[in-house]
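Student: I'd like to ask some things about the structure below.
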Amino acid sequence: MKNQIFVTQVWEITKLIPKGRVSTYGAIAKAVGFPNHSRHVGKAMSGCPKDVPAHRVVAAGGKLSVPEFEVKLKAEGISFRYGKIENFKELFWNPMEEL
């Protein structure tokens with residue numbers, strides 16, 4: 001499924017996530033028209049260009065799939081508790097509602 005159009009769409013939506021906010025693999029999959037393909041979004045994020053803020057895309061419920069991204073998110077003012085993003089619901093950026 002990792003075709004270039006899908007990958008490009010995932011990257012373009014990810015670029016729109018505001019600093020200090022996060023979205024999920026599932027929300028982005030839904031926004032690009034493939035609601036059951038959150039794993040494909042994760043694959044598309046691997047190897048993405050540096051201008052794509054991959055650290056702002058997290059697993060459902062605010063869990064980090066890539067632990068190294070915690071440093072980048074903390075630099076944007078996001079705090080963590082027990083391995084999850086604190087105030088996840090308030091920080092969640094839903095492209096289906098906010099675009």
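FYI, nothing fancy with the structure tokens labels: chains A, B, ... in order, residues from 1 per chain, ligands from 1 as they appear.
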Kindly provide the residues of stretch 2-23 of chain A that approach stretch 36-54 of chain A to within 7 Å, each paired with its closest atom pair and their distance in Å to one decimal, based on only C-alpha atoms, listed by chain and increasing number, as a tab-separated table.
Tutor:
```
residue	atom	partner	partner_atom	distance
A:Lys2	CA	A:His40	CA	6.8
A:Val7	CA	A:Ala44	CA	5.3
A:Val10	CA	A:Val41	CA	6.6
A:Trp11	CA	A:Val52	CA	6.1
A:Thr14	CA	A:Val52	CA	6.4
A:Lys15	CA	A:Val52	CA	5.3
```
Student: Could you name the residues that touch stretch 66-80 of chain A at 6 Å or less, counting only C-alpha atoms, but leaving out those on the same chain fewer than 6 positions away, as a ChimeraX atom specification?
Tutor: /A:20,55,86
Student: To test your reading of the structure, identify every residue in chain A that backbone DSSP assigns to strand (DSSP E or B), and report it as an MDAnalysis selection string.
Tutor: chainID A and resid 22:24 57:58 63 80:81 84:85 92
Student: Atom CA of A:Leu91 to atom CA of A:Thr8: how many Å, to one decimal?
Tutor: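 Between atom CA of A:Leu91 and atom CA of A:Thr8 the gap is 24.2 Å.
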Student: Can you tell me which residues surround A:Pro95 at a distance of at most 8 Å, considering only C-alpha atoms, apart from same-chain residues fewer than 3 positions away, and format the answer as a ChimeraX atom specification?
Tutor: /A:13,23,27-28,31,98-99
Student: With distances taken over only C-alpha atoms, which of A:Ser65, A:Gln9, A:Asn94, A:Asn3 is nearest to A:Val22?
Tutor: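 Once distances to A:Val22 are computed over only C-alpha atoms, the minimum belongs to A:Asn94.
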Student: Which of stretch 26-78 of chain A counts as alpha helix (DSSP H) under DSSP, as a ChimeraX atom specification please?
Tutor: /A:26-31,38-45,69-75
Student: Generate the output file for the selected residues, N, CA, C and O atoms, as a compact mmCIF listing (two decimals), in the first residue's frame.
Tutor:
```txt
# COMPACT_ATOMS: atom_id res chain seq x y z
N GLY A 26 -3.96 6.91 13.36
CA GLY A 26 -5.31 6.63 12.92
C GLY A 26 -6.04 7.85 12.39
O GLY A 26 -6.75 7.77 11.39
N ALA A 27 -5.86 9.00 13.04
CA ALA A 27 -6.52 10.23 12.59
C ALA A 27 -6.00 10.65 11.24
O ALA A 27 -6.76 11.11 10.37
N ILE A 28 -4.71 10.49 11.03
CA ILE A 28 -4.14 10.86 9.74
C ILE A 28 -4.59 9.89 8.66
O ILE A 28 -4.92 10.29 7.54
N ALA A 29 -4.63 8.60 8.98
CA ALA A 29 -5.12 7.61 8.01
C ALA A 29 -6.54 7.94 7.58
O ALA A 29 -6.86 7.90 6.39
N LYS A 30 -7.37 8.29 8.53
CA LYS A 30 -8.76 8.65 8.22
C LYS A 30 -8.80 9.90 7.34
O LYS A 30 -9.58 9.96 6.39
N ALA A 31 -7.96 10.87 7.64
CA ALA A 31 -7.95 12.13 6.88
C ALA A 31 -7.53 11.93 5.42
O ALA A 31 -7.98 12.68 4.56
N SER A 38 -3.78 2.77 9.81
CA SER A 38 -2.87 3.53 10.68
C SER A 38 -1.45 2.97 10.64
O SER A 38 -0.48 3.73 10.71
N ARG A 39 -1.31 1.68 10.47
CA ARG A 39 0.04 1.10 10.39
C ARG A 39 0.77 1.58 9.14
O ARG A 39 1.97 1.79 9.15
N HIS A 40 0.03 1.78 8.07
CA HIS A 40 0.64 2.29 6.84
C HIS A 40 1.11 3.73 7.02
O HIS A 40 2.11 4.14 6.44
N VAL A 41 0.38 4.49 7.84
CA VAL A 41 0.82 5.85 8.16
C VAL A 41 2.16 5.78 8.90
O VAL A 41 3.08 6.53 8.59
N GLY A 42 2.27 4.86 9.84
CA GLY A 42 3.52 4.68 10.56
C GLY A 42 4.67 4.34 9.62
O GLY A 42 5.77 4.89 9.75
N LYS A 43 4.41 3.47 8.67
CA LYS A 43 5.44 3.11 7.70
C LYS A 43 5.80 4.31 6.82
O LYS A 43 6.97 4.51 6.50
N ALA A 44 4.80 5.10 6.46
CA ALA A 44 5.06 6.29 5.63
C ALA A 44 5.91 7.31 6.39
O ALA A 44 6.69 8.04 5.79
N MET A 45 5.77 7.33 7.70
CA MET A 45 6.52 8.29 8.50
C MET A 45 8.00 7.91 8.62
O MET A 45 8.84 8.78 8.84
N PHE A 69 11.26 10.57 20.35
CA PHE A 69 10.47 11.77 20.04
C PHE A 69 10.06 12.54 21.30
O PHE A 69 9.65 13.70 21.21
N GLU A 70 10.18 11.91 22.46
CA GLU A 70 9.78 12.58 23.70
C GLU A 70 10.56 13.88 23.90
O GLU A 70 9.99 14.90 24.31
N VAL A 71 11.83 13.88 23.58
CA VAL A 71 12.67 15.08 23.75
C VAL A 71 12.14 16.22 22.88
O VAL A 71 12.01 17.36 23.35
N LYS A 72 11.81 15.93 21.63
CA LYS A 72 11.30 16.96 20.72
C LYS A 72 9.95 17.50 21.19
O LYS A 72 9.69 18.70 21.12
N LEU A 73 9.10 16.61 21.67
CA LEU A 73 7.78 17.04 22.13
C LEU A 73 7.89 17.86 23.41
O LEU A 73 7.20 18.87 23.57
N LYS A 74 8.78 17.47 24.30
CA LYS A 74 9.00 18.25 25.52
C LYS A 74 9.51 19.65 25.17
O LYS A 74 9.13 20.63 25.81
N ALA A 75 10.34 19.75 24.15
CA ALA A 75 10.85 21.05 23.71
C ALA A 75 9.72 21.94 23.19
O ALA A 75 9.85 23.17 23.17
```
Student: Atom CA of A:Phe88 to atom CA of A:Pro35: how many Å, to one decimal?
Tutor: 20.6 Å
